[in-house]
Every structure is written in C-alpha cells, then in structure tokens.
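Structure file final.txt (compact mmCIF, N, CA, C and O atoms) is printed below.
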# COMPACT_ATOMS: atom_id res chain seq x y z
N MET A 1 -11.72 -0.04 2.40
CA MET A 1 -10.80 -0.12 1.30
C MET A 1 -10.49 -1.59 1.04
O MET A 1 -10.33 -2.37 1.96
N LYS A 2 -10.40 -1.93 -0.22
CA LYS A 2 -10.12 -3.30 -0.61
C LYS A 2 -8.67 -3.65 -0.27
O LYS A 2 -7.76 -2.85 -0.49
N LYS A 3 -8.47 -4.85 0.25
CA LYS A 3 -7.13 -5.31 0.58
C LYS A 3 -6.39 -5.71 -0.68
O LYS A 3 -6.93 -6.36 -1.56
N SER A 4 -5.15 -5.32 -0.77
CA SER A 4 -4.33 -5.62 -1.93
C SER A 4 -3.90 -7.09 -1.94
O SER A 4 -3.73 -7.70 -0.89
N ARG A 5 -3.72 -7.64 -3.13
CA ARG A 5 -3.22 -9.00 -3.24
C ARG A 5 -1.73 -9.06 -2.90
O ARG A 5 -1.21 -10.12 -2.59
N PHE A 6 -1.08 -7.93 -2.97
CA PHE A 6 0.36 -7.87 -2.75
C PHE A 6 0.67 -7.09 -1.48
O PHE A 6 0.01 -6.10 -1.17
N SER A 7 1.69 -7.52 -0.76
CA SER A 7 2.13 -6.75 0.40
C SER A 7 2.95 -5.56 -0.10
O SER A 7 3.33 -5.49 -1.26
N GLU A 8 3.21 -4.64 0.80
CA GLU A 8 3.99 -3.47 0.41
C GLU A 8 5.39 -3.86 -0.05
O GLU A 8 5.92 -3.28 -1.00
N SER A 9 5.98 -4.85 0.59
CA SER A 9 7.32 -5.26 0.19
C SER A 9 7.30 -5.92 -1.19
O SER A 9 8.24 -5.75 -1.97
N GLN A 10 6.23 -6.64 -1.51
CA GLN A 10 6.11 -7.23 -2.85
C GLN A 10 5.94 -6.14 -3.90
O GLN A 10 6.51 -6.23 -4.98
N GLU A 11 5.16 -5.11 -3.57
CA GLU A 11 4.96 -4.00 -4.49
C GLU A 11 6.29 -3.30 -4.78
O GLU A 11 6.61 -3.00 -5.93
N VAL A 12 7.07 -3.07 -3.73
CA VAL A 12 8.37 -2.43 -3.91
C VAL A 12 9.29 -3.34 -4.73
O VAL A 12 10.03 -2.87 -5.59
N GLY A 13 9.23 -4.64 -4.51
CA GLY A 13 10.03 -5.59 -5.28
C GLY A 13 9.69 -5.55 -6.75
O GLY A 13 10.58 -5.61 -7.61
N ILE A 14 8.41 -5.45 -7.07
CA ILE A 14 7.99 -5.36 -8.47
C ILE A 14 8.52 -4.07 -9.09
O ILE A 14 8.99 -4.06 -10.23
N LEU A 15 8.49 -2.99 -8.33
CA LEU A 15 9.02 -1.73 -8.83
C LEU A 15 10.53 -1.78 -9.04
O LEU A 15 11.06 -1.22 -9.99
N LYS A 16 11.24 -2.47 -8.13
CA LYS A 16 12.69 -2.59 -8.27
C LYS A 16 13.06 -3.36 -9.53
O LYS A 16 14.04 -3.03 -10.20
N GLU A 17 12.28 -4.39 -9.87
CA GLU A 17 12.53 -5.13 -11.09
C GLU A 17 12.33 -4.23 -12.31
O GLU A 17 13.05 -4.33 -13.29
N GLY A 18 11.35 -3.34 -12.22
CA GLY A 18 11.12 -2.39 -13.30
C GLY A 18 12.28 -1.43 -13.46
O GLY A 18 12.65 -1.06 -14.57
N GLU A 19 12.86 -1.01 -12.34
CA GLU A 19 14.02 -0.12 -12.38
C GLU A 19 15.25 -0.82 -12.92
O GLU A 19 16.16 -0.18 -13.43
N ALA A 20 15.28 -2.15 -12.81
CA ALA A 20 16.43 -2.91 -13.28
C ALA A 20 16.44 -3.08 -14.80
O ALA A 20 17.37 -3.66 -15.34
N GLY A 21 15.38 -2.61 -15.46
CA GLY A 21 15.38 -2.65 -16.91
C GLY A 21 14.34 -3.57 -17.52
O GLY A 21 14.25 -3.66 -18.74
N VAL A 22 13.55 -4.23 -16.72
CA VAL A 22 12.49 -5.09 -17.25
C VAL A 22 11.37 -4.18 -17.75
O VAL A 22 10.99 -3.23 -17.08
N ALA A 23 10.83 -4.47 -18.92
CA ALA A 23 9.78 -3.64 -19.51
C ALA A 23 8.53 -3.66 -18.64
O ALA A 23 8.18 -4.68 -18.04
N VAL A 24 7.86 -2.52 -18.57
CA VAL A 24 6.65 -2.39 -17.74
C VAL A 24 5.57 -3.35 -18.23
O VAL A 24 4.92 -4.00 -17.42
N ALA A 25 5.39 -3.45 -19.53
CA ALA A 25 4.37 -4.35 -20.07
C ALA A 25 4.64 -5.80 -19.66
O ALA A 25 3.72 -6.54 -19.31
N GLN A 26 5.89 -6.19 -19.66
CA GLN A 26 6.25 -7.55 -19.26
C GLN A 26 6.00 -7.77 -17.77
O GLN A 26 5.48 -8.80 -17.36
N ARG A 27 6.34 -6.78 -16.93
CA ARG A 27 6.13 -6.89 -15.48
C ARG A 27 4.64 -6.98 -15.15
O ARG A 27 4.22 -7.77 -14.33
N THR A 28 3.84 -6.12 -15.80
CA THR A 28 2.41 -6.12 -15.50
C THR A 28 1.76 -7.42 -15.97
O THR A 28 0.88 -7.95 -15.28
N ARG A 29 2.17 -7.94 -17.09
CA ARG A 29 1.60 -9.18 -17.59
C ARG A 29 1.96 -10.34 -16.67
O ARG A 29 1.13 -11.18 -16.35
N LYS A 30 3.21 -10.38 -16.21
CA LYS A 30 3.67 -11.47 -15.36
C LYS A 30 2.99 -11.47 -13.99
O LYS A 30 2.62 -12.51 -13.47
N THR A 31 2.79 -10.28 -13.42
CA THR A 31 2.22 -10.18 -12.08
C THR A 31 0.70 -10.09 -12.09
O THR A 31 0.07 -10.25 -11.05
N GLY A 32 0.10 -9.80 -13.24
CA GLY A 32 -1.34 -9.72 -13.33
C GLY A 32 -1.92 -8.40 -12.86
O GLY A 32 -3.07 -8.34 -12.41
N ILE A 33 -1.13 -7.33 -12.94
CA ILE A 33 -1.63 -6.02 -12.56
C ILE A 33 -1.77 -5.16 -13.82
O ILE A 33 -1.22 -5.49 -14.86
N ARG A 34 -2.50 -4.07 -13.70
CA ARG A 34 -2.65 -3.15 -14.81
C ARG A 34 -1.52 -2.13 -14.79
O ARG A 34 -0.89 -1.89 -13.75
N ALA A 35 -1.29 -1.51 -15.92
CA ALA A 35 -0.25 -0.48 -16.02
C ALA A 35 -0.56 0.70 -15.10
O ALA A 35 0.34 1.30 -14.52
N ALA A 36 -1.84 1.01 -14.94
CA ALA A 36 -2.24 2.11 -14.06
C ALA A 36 -1.88 1.80 -12.61
O ALA A 36 -1.46 2.69 -11.86
N THR A 37 -2.03 0.55 -12.21
CA THR A 37 -1.66 0.14 -10.85
C THR A 37 -0.16 0.29 -10.66
O THR A 37 0.30 0.79 -9.62
N TYR A 38 0.60 -0.13 -11.65
CA TYR A 38 2.06 0.01 -11.60
C TYR A 38 2.44 1.48 -11.44
O TYR A 38 3.28 1.83 -10.61
N ASP A 39 1.80 2.35 -12.21
CA ASP A 39 2.09 3.79 -12.13
C ASP A 39 1.70 4.35 -10.77
O ASP A 39 2.40 5.20 -10.21
N HIS A 40 0.59 3.87 -10.20
CA HIS A 40 0.17 4.32 -8.87
C HIS A 40 1.19 3.92 -7.81
O HIS A 40 1.55 4.72 -6.95
N TRP A 41 1.65 2.67 -7.88
CA TRP A 41 2.67 2.22 -6.93
C TRP A 41 3.95 3.04 -7.09
O TRP A 41 4.59 3.39 -6.10
N LYS A 42 4.32 3.32 -8.32
CA LYS A 42 5.54 4.08 -8.59
C LYS A 42 5.45 5.47 -7.98
O LYS A 42 6.40 5.95 -7.37
N ALA A 43 4.29 6.09 -8.09
CA ALA A 43 4.10 7.42 -7.49
C ALA A 43 4.06 7.33 -5.96
O ALA A 43 4.56 8.21 -5.27
N LYS A 44 3.48 6.27 -5.44
CA LYS A 44 3.33 6.11 -3.99
C LYS A 44 4.67 5.84 -3.30
O LYS A 44 4.96 6.42 -2.25
N TYR A 45 5.48 4.97 -3.86
CA TYR A 45 6.70 4.55 -3.19
C TYR A 45 7.93 5.34 -3.62
O TYR A 45 8.88 5.44 -2.86
N ALA A 46 7.97 5.86 -4.81
CA ALA A 46 8.99 6.80 -5.29
C ALA A 46 10.40 6.48 -4.81
O ALA A 46 11.05 7.26 -4.13
N GLY A 47 10.89 5.30 -5.10
CA GLY A 47 12.27 4.95 -4.80
C GLY A 47 12.51 4.43 -3.40
O GLY A 47 13.66 4.24 -3.00
N ALA A 48 11.47 4.19 -2.64
CA ALA A 48 11.64 3.67 -1.28
C ALA A 48 12.01 2.19 -1.32
O ALA A 48 11.58 1.46 -2.19
N GLY A 49 12.80 1.77 -0.36
CA GLY A 49 13.17 0.37 -0.25
C GLY A 49 12.26 -0.36 0.72
O GLY A 49 11.40 0.24 1.37
N VAL A 50 12.45 -1.64 0.83
CA VAL A 50 11.63 -2.46 1.72
C VAL A 50 11.82 -2.03 3.17
O VAL A 50 10.87 -1.95 3.94
N ARG A 51 13.05 -1.74 3.54
CA ARG A 51 13.34 -1.34 4.92
C ARG A 51 12.59 -0.05 5.29
O ARG A 51 12.01 0.05 6.37
N GLU A 52 12.59 0.91 4.39
CA GLU A 52 11.88 2.16 4.65
C GLU A 52 10.38 1.94 4.74
O GLU A 52 9.70 2.55 5.55
N MET A 53 9.86 1.05 3.89
CA MET A 53 8.43 0.77 3.92
C MET A 53 8.00 0.11 5.22
O MET A 53 6.96 0.42 5.77
N LYS A 54 8.82 -0.79 5.75
CA LYS A 54 8.52 -1.42 7.03
C LYS A 54 8.51 -0.39 8.14
O LYS A 54 7.66 -0.41 9.03
N ARG A 55 9.45 0.54 8.09
CA ARG A 55 9.53 1.58 9.11
C ARG A 55 8.31 2.50 9.04
O ARG A 55 7.72 2.83 10.06
N VAL A 56 7.92 2.89 7.84
CA VAL A 56 6.75 3.74 7.66
C VAL A 56 5.50 3.02 8.16
O VAL A 56 4.65 3.61 8.84
N ARG A 57 5.37 1.75 7.83
CA ARG A 57 4.20 0.98 8.26
C ARG A 57 4.15 0.88 9.78
O ARG A 57 3.08 1.01 10.38
N ALA A 58 5.28 0.67 10.43
CA ALA A 58 5.32 0.59 11.89
C ALA A 58 4.91 1.94 12.51
O ALA A 58 4.18 1.97 13.50
N LEU A 59 5.34 3.03 11.90
CA LEU A 59 4.95 4.34 12.40
C LEU A 59 3.46 4.59 12.21
O LEU A 59 2.81 5.20 13.08
N GLU A 60 2.90 4.12 11.10
CA GLU A 60 1.46 4.27 10.88
C GLU A 60 0.65 3.49 11.90
O GLU A 60 -0.36 3.97 12.41
N VAL A 61 1.10 2.28 12.24
CA VAL A 61 0.41 1.47 13.25
C VAL A 61 0.48 2.16 14.60
O VAL A 61 -0.52 2.24 15.33
N GLN A 62 1.65 2.67 14.95
CA GLN A 62 1.82 3.36 16.22
C GLN A 62 0.93 4.60 16.28
O GLN A 62 0.29 4.87 17.29
N ASP A 63 0.87 5.35 15.20
CA ASP A 63 0.04 6.54 15.12
C ASP A 63 -1.44 6.19 15.30
O ASP A 63 -2.17 6.87 16.02
N ALA A 64 -1.87 5.10 14.66
CA ALA A 64 -3.27 4.68 14.78
C ALA A 64 -3.60 4.30 16.22
O ALA A 64 -4.69 4.63 16.73
N LYS A 65 -2.69 3.62 16.92
CA LYS A 65 -2.91 3.24 18.32
C LYS A 65 -3.04 4.49 19.20
O LYS A 65 -3.92 4.56 20.06
N LEU A 66 -2.17 5.46 18.97
CA LEU A 66 -2.23 6.69 19.76
C LEU A 66 -3.52 7.46 19.50
O LEU A 66 -4.12 8.02 20.43
N LYS A 67 -3.95 7.49 18.26
CA LYS A 67 -5.20 8.18 17.94
C LYS A 67 -6.39 7.52 18.61
O LYS A 67 -7.28 8.20 19.12
N ARG A 68 -6.42 6.19 18.63
CA ARG A 68 -7.52 5.49 19.30
C ARG A 68 -7.50 5.74 20.80
O ARG A 68 -8.54 5.87 21.44
N ARG A 69 -6.32 5.78 21.37
CA ARG A 69 -6.19 5.96 22.82
C ARG A 69 -6.64 7.36 23.25
O ARG A 69 -7.34 7.50 24.25
N TYR A 70 -6.24 8.39 22.50
CA TYR A 70 -6.50 9.75 22.95
C TYR A 70 -7.69 10.42 22.28
O TYR A 70 -8.09 11.50 22.68
N ALA A 71 -8.29 9.80 21.29
CA ALA A 71 -9.46 10.39 20.65
C ALA A 71 -10.74 10.03 21.36
O ALA A 71 -11.76 10.68 21.17
N GLY A 72 -10.70 8.98 22.17
CA GLY A 72 -11.89 8.43 22.81
C GLY A 72 -12.45 9.25 23.87
O GLY A 72 -13.48 9.48 24.26
Encoded form using structure tokens:
Amino acid sequence: MKKSRFSESQEVGILKEGEAGVAVAQRTRKTGIRAATYDHWKAKYAGAGVREMKRVRALEVQDAKLKRRYAG
C-alpha cells in the first residue's frame, strides 16, 4: 500500500477544519488532495479526534506484534 503524504493526525486536522465551516473545495485546493480523498477520510474517521486515532493506531501495532508472535 502506498504511504500517505499526511499522518493520521494531519488528516483528522484537515477534517476538523472542514467541520469548522471551511468549504471543501477550498480545503482540498489548499492541501492538494482530491475531493474523493477528503470524502474517504471523512468516512474513515467519522468524527474521531487525534487522541482516539493515536489510541487506535497503538492498538493496531500491538495487534500486529501479537499476530506475528503467535502465527509463526
């Protein structure tokens, strides 16, 4: 999978600015993303904050370590 130019916290930050009333077209033009990407992020994060995203990411890393340890 291709690595994103933006971290998860940056993606959530862009979405928060959109929720604050900034037009989607203006946000996508400023950040250099497509409207489809914005919609994908919106569906993926669905109101999550940066703190929740960090917690989810930590759980995913822990899950991956456990799978490697016990799948072998």
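When only C-alpha atoms are used to compute distances to Tyr45 of chain A, the closest of the residues A:Lys16, A:Arg69, A:Arg27, A:Arg5 turns out to be A:Lys16.
Shortest atom-to-atom contact with Glu8 of chain A among A:Ala25, A:Ala64, A:Ala71, A:Val50: A:Val50, counting all atoms listed in the file.
Distance annotation: of A:Gly47, A:Arg29, A:Ala35, A:His40, the residue with the minimal separation from Val12 of chain A is A:Gly47; atom set is only C-alpha atoms.
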Would you give me, as a ChimeraX atom specification, the residues in chain A that DSSP reads as helix (DSSP H, G or I)?
-> /A:8-19,24-31,35-45,50-71
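If all atoms listed in the file are the atoms counted, then among A:Lys30, A:Lys3, A:Ile14, A:Ser9 the closest residue to Lys54 of chain A is A:Ser9.
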What are the centre and edge lengths in Å, to one decimal, of the axis-aligned box around all listed atoms of segment 8-27 of chain A with 8 Å added on each side, as JSON?
{"center_x": 10.3, "center_y": -4.5, "center_z": -9.6, "size_x": 30.2, "size_y": 24.7, "size_z": 36.9}
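Nearest residue to Ser7 of chain A among A:Asp63, A:Arg68, A:Arg34, A:Trp41 is A:Trp41, counting only C-alpha atoms.
Going from atom CA of Arg57 of chain A to atom N of Ala23 of chain A covers 28.5 Å.
If you measure from each of A:Ala48, A:Val56, A:Ala43, A:Ala36 to Gly13 of chain A using only N, CA, C and O atoms, the closest one turns out to be A:Ala48.
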Point (8.3, 1.0, -10.8), cut-off 6 Å, counting all atoms listed in the file, residues as an MDAnalysis selection string | chainID A and resid 14:16 18:19 38 42
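The spacing separating atom N of Gly49 of chain A from atom C of Lys65 of chain A amounts to 25.3 Å.
Put simply, atom C of Lys44 of chain A is 9.4 Å away from atom C of Glu11 of chain A.
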